[in-house]
Amino acid sequence: MNQLEKFKEIHTFIFDVDGVLTNSEVLVLEDGKLLRKMNIRDGFAIKRAIEESFQLCIITGGKSEGVKIRLQNLGVQHIYLGQSDKMDAFEEFIYTYDLDPQGILYMGDDLPDLPIMEKVGLACCPKNAAPEILSIAQYVSQYNGGEGCARDVIEKVLKLNNKWD
């Protein structure tokens, strides 16, 4: 199966947050709160995928309530925060919704993402991912984390399934 066929077979997207939906940087405020920057175009694509009945899940080690609220406002219902072992959340999600891992696109950028990337049908990453992730990714976006990499993969899947326009 070639890469385009793999994109066409996707029914579920799973994204990490820091380094994928954000640019891996945090602004630390004096009170200890962390600020992250997210891409509006990624948000549009996430909302569009959900509207087109694709499953969409977030699995992140972070615990940001602001990130959770932003994603909920886009329509994301499956958000796993504070996951030091992301595989537990992944297995719970696919078991709960009886999902075939071969139809899942996972996008991560660093070592905690590696175990899930080895289990899904299409492992993706932003172009500025860690070297270990770049070496196993089946698709490397031309965009950095937080700069449109999520939209890149969502748009490919939706276009191949005639659900973008």
# chains A, B, ... in the order shown; residues from 1 in each chain; ligands from 1
call {"tool": "residues_around", "arguments": {"residues": "segment 130-145 of chain A", "least_positions_apart": "3", "cutoff": "7 Å", "atoms": "only C-alpha atoms", "output": "PyMOL selection string"}}
result
chain A and resi 19-23+109-111+114+122-127+148-149+152
call {"tool": "residues_around", "arguments": {"residues": "segment 86-97 of chain A", "least_positions_apart": "4", "cutoff": "8 Å", "atoms": "only C-alpha atoms", "output": "count of residues only"}}
result
9
call {"tool": "select_by_dssp", "arguments": {"residues": "segment 31-144 of chain A", "states": "helix (DSSP H, G or I)", "output": "ChimeraX atom specification"}}
result
/A:40-51,65-73,86-96,101-103,111-117,131-136
call {"tool": "write_last_selection", "arguments": {"atoms": "N, CA and C atoms", "output": "short mmCIF file (atom, residue, chain, number, x, y, z; two decimals), in the first residue's frame"}}
result
data_model
loop_
_atom_site.label_atom_id
_atom_site.label_comp_id
_atom_site.auth_asym_id
_atom_site.auth_seq_id
_atom_site.Cartn_x
_atom_site.Cartn_y
_atom_site.Cartn_z
N ILE A 40 -4.41 28.56 14.36
CA ILE A 40 -5.82 28.67 14.00
C ILE A 40 -6.17 27.73 12.84
N ARG A 41 -5.27 27.56 11.89
CA ARG A 41 -5.55 26.68 10.75
C ARG A 41 -5.61 25.21 11.17
N ASP A 42 -4.77 24.84 12.14
CA ASP A 42 -4.89 23.49 12.71
C ASP A 42 -6.27 23.34 13.34
N GLY A 43 -6.69 24.36 14.07
CA GLY A 43 -8.01 24.33 14.71
C GLY A 43 -9.14 24.18 13.72
N PHE A 44 -9.06 24.91 12.60
CA PHE A 44 -10.08 24.80 11.57
C PHE A 44 -10.15 23.37 11.04
N ALA A 45 -8.99 22.77 10.78
CA ALA A 45 -8.96 21.42 10.23
C ALA A 45 -9.50 20.40 11.24
N ILE A 46 -9.16 20.57 12.50
CA ILE A 46 -9.68 19.67 13.54
C ILE A 46 -11.19 19.74 13.56
N LYS A 47 -11.72 20.94 13.57
CA LYS A 47 -13.18 21.12 13.58
C LYS A 47 -13.81 20.49 12.34
N ARG A 48 -13.19 20.68 11.22
CA ARG A 48 -13.70 20.13 9.96
C ARG A 48 -13.72 18.61 9.98
N ALA A 49 -12.65 17.99 10.48
CA ALA A 49 -12.58 16.53 10.55
C ALA A 49 -13.72 15.99 11.42
N ILE A 50 -13.95 16.63 12.54
CA ILE A 50 -15.03 16.20 13.44
C ILE A 50 -16.39 16.37 12.76
N GLU A 51 -16.58 17.48 12.07
CA GLU A 51 -17.84 17.70 11.34
C GLU A 51 -18.07 16.64 10.28
N GLU A 65 -5.46 23.30 31.46
CA GLU A 65 -6.92 23.49 31.37
C GLU A 65 -7.26 24.37 30.16
N GLY A 66 -6.39 25.34 29.86
CA GLY A 66 -6.61 26.20 28.69
C GLY A 66 -6.59 25.42 27.39
N VAL A 67 -5.66 24.49 27.27
CA VAL A 67 -5.60 23.63 26.07
C VAL A 67 -6.86 22.79 25.98
N LYS A 68 -7.29 22.23 27.10
CA LYS A 68 -8.51 21.41 27.12
C LYS A 68 -9.72 22.22 26.65
N ILE A 69 -9.86 23.43 27.17
CA ILE A 69 -11.00 24.29 26.80
C ILE A 69 -10.94 24.62 25.31
N ARG A 70 -9.77 24.97 24.81
CA ARG A 70 -9.62 25.29 23.38
C ARG A 70 -10.06 24.10 22.52
N LEU A 71 -9.60 22.91 22.88
CA LEU A 71 -9.93 21.73 22.09
C LEU A 71 -11.41 21.37 22.20
N GLN A 72 -11.97 21.51 23.38
CA GLN A 72 -13.41 21.27 23.54
C GLN A 72 -14.22 22.25 22.70
N ASN A 73 -13.77 23.50 22.62
CA ASN A 73 -14.46 24.50 21.80
C ASN A 73 -14.41 24.14 20.31
N LYS A 86 1.44 7.26 27.52
CA LYS A 86 0.38 7.51 26.55
C LYS A 86 -0.28 6.24 26.04
N MET A 87 0.42 5.12 26.12
CA MET A 87 -0.12 3.87 25.62
C MET A 87 -1.39 3.46 26.37
N ASP A 88 -1.46 3.73 27.66
CA ASP A 88 -2.66 3.40 28.43
C ASP A 88 -3.89 4.12 27.85
N ALA A 89 -3.75 5.41 27.59
CA ALA A 89 -4.86 6.19 27.03
C ALA A 89 -5.21 5.70 25.63
N PHE A 90 -4.19 5.41 24.82
CA PHE A 90 -4.41 4.89 23.47
C PHE A 90 -5.21 3.60 23.51
N GLU A 91 -4.79 2.66 24.34
CA GLU A 91 -5.48 1.37 24.42
C GLU A 91 -6.91 1.53 24.93
N GLU A 92 -7.10 2.41 25.90
CA GLU A 92 -8.46 2.67 26.40
C GLU A 92 -9.34 3.24 25.29
N PHE A 93 -8.81 4.19 24.54
CA PHE A 93 -9.58 4.83 23.47
C PHE A 93 -9.95 3.83 22.39
N ILE A 94 -8.99 3.06 21.89
CA ILE A 94 -9.32 2.13 20.80
C ILE A 94 -10.23 1.00 21.27
N TYR A 95 -10.09 0.58 22.53
CA TYR A 95 -10.96 -0.46 23.07
C TYR A 95 -12.38 0.07 23.24
N THR A 96 -12.52 1.26 23.80
CA THR A 96 -13.84 1.85 24.05
C THR A 96 -14.63 2.03 22.76
N PRO A 101 -6.52 -0.16 14.76
CA PRO A 101 -5.34 0.72 14.76
C PRO A 101 -4.80 1.02 13.36
N GLN A 102 -5.06 0.16 12.40
CA GLN A 102 -4.56 0.39 11.04
C GLN A 102 -5.23 1.59 10.37
N GLY A 103 -6.39 2.00 10.87
CA GLY A 103 -7.09 3.17 10.33
C GLY A 103 -6.83 4.43 11.13
N LEU A 111 9.90 11.35 22.19
CA LEU A 111 10.00 9.96 22.66
C LEU A 111 8.74 9.39 23.31
N PRO A 112 7.96 10.14 24.11
CA PRO A 112 6.75 9.54 24.67
C PRO A 112 5.73 9.11 23.61
N ASP A 113 5.86 9.59 22.38
CA ASP A 113 4.94 9.25 21.31
C ASP A 113 5.33 7.97 20.57
N LEU A 114 6.55 7.56 20.72
CA LEU A 114 7.10 6.44 19.96
C LEU A 114 6.29 5.15 20.08
N PRO A 115 5.91 4.69 21.29
CA PRO A 115 5.18 3.42 21.38
C PRO A 115 3.87 3.41 20.59
N ILE A 116 3.13 4.50 20.62
CA ILE A 116 1.88 4.55 19.87
C ILE A 116 2.17 4.60 18.38
N MET A 117 3.17 5.35 17.97
CA MET A 117 3.50 5.45 16.56
C MET A 117 3.83 4.09 15.95
N PRO A 131 14.86 13.41 16.50
CA PRO A 131 15.45 12.50 15.51
C PRO A 131 14.90 11.08 15.58
N GLU A 132 14.65 10.57 16.77
CA GLU A 132 14.12 9.22 16.91
C GLU A 132 12.73 9.09 16.30
N ILE A 133 11.96 10.14 16.36
CA ILE A 133 10.61 10.15 15.79
C ILE A 133 10.69 10.31 14.28
N LEU A 134 11.54 11.20 13.83
CA LEU A 134 11.73 11.37 12.38
C LEU A 134 12.15 10.06 11.72
N SER A 135 12.93 9.26 12.43
CA SER A 135 13.44 8.02 11.83
C SER A 135 12.37 6.94 11.69
N ILE A 136 11.28 7.00 12.46
CA ILE A 136 10.24 5.97 12.34
C ILE A 136 8.96 6.48 11.68
#
call {"tool": "closest_residue", "arguments": {"among": "A:Gly62, A:Phe54, A:Leu29, A:Leu34", "to": "Asp85 of chain A", "atoms": "only C-alpha atoms"}}
result
A:Gly62
call {"tool": "closest_residue", "arguments": {"among": "A:Ser84, A:Ser64, A:Thr12, A:Ser53", "to": "Leu35 of chain A", "atoms": "only C-alpha atoms"}}
result
A:Ser64
call {"tool": "closest_residue", "arguments": {"among": "A:Ser24, A:Gln55, A:Asn39, A:Gln3", "to": "His78 of chain A", "atoms": "only C-alpha atoms"}}
result
A:Gln55
call {"tool": "atom_distance", "arguments": {"atom1": "atom CA of Ala150 of chain A", "atom2": "atom CA of Ile10 of chain A"}}
result
14.0 Å
call {"tool": "select_by_dssp", "arguments": {"residues": "segment 30-159 of chain A", "states": "strand (DSSP E or B)", "output": "PyMOL selection string"}}
result
chain A and resi 34-35+38+55-59+78-80+104-107+122-125+139-140
call {"tool": "atom_distance", "arguments": {"atom1": "atom CA of Glu52 of chain A", "atom2": "atom CA of Val153 of chain A"}}
result
14.8 Å
call {"tool": "closest_residue", "arguments": {"among": "A:Trp164, A:Glu9, A:Val76, A:Ile58", "to": "Gly108 of chain A", "atoms": "only C-alpha atoms"}}
result
A:Ile58
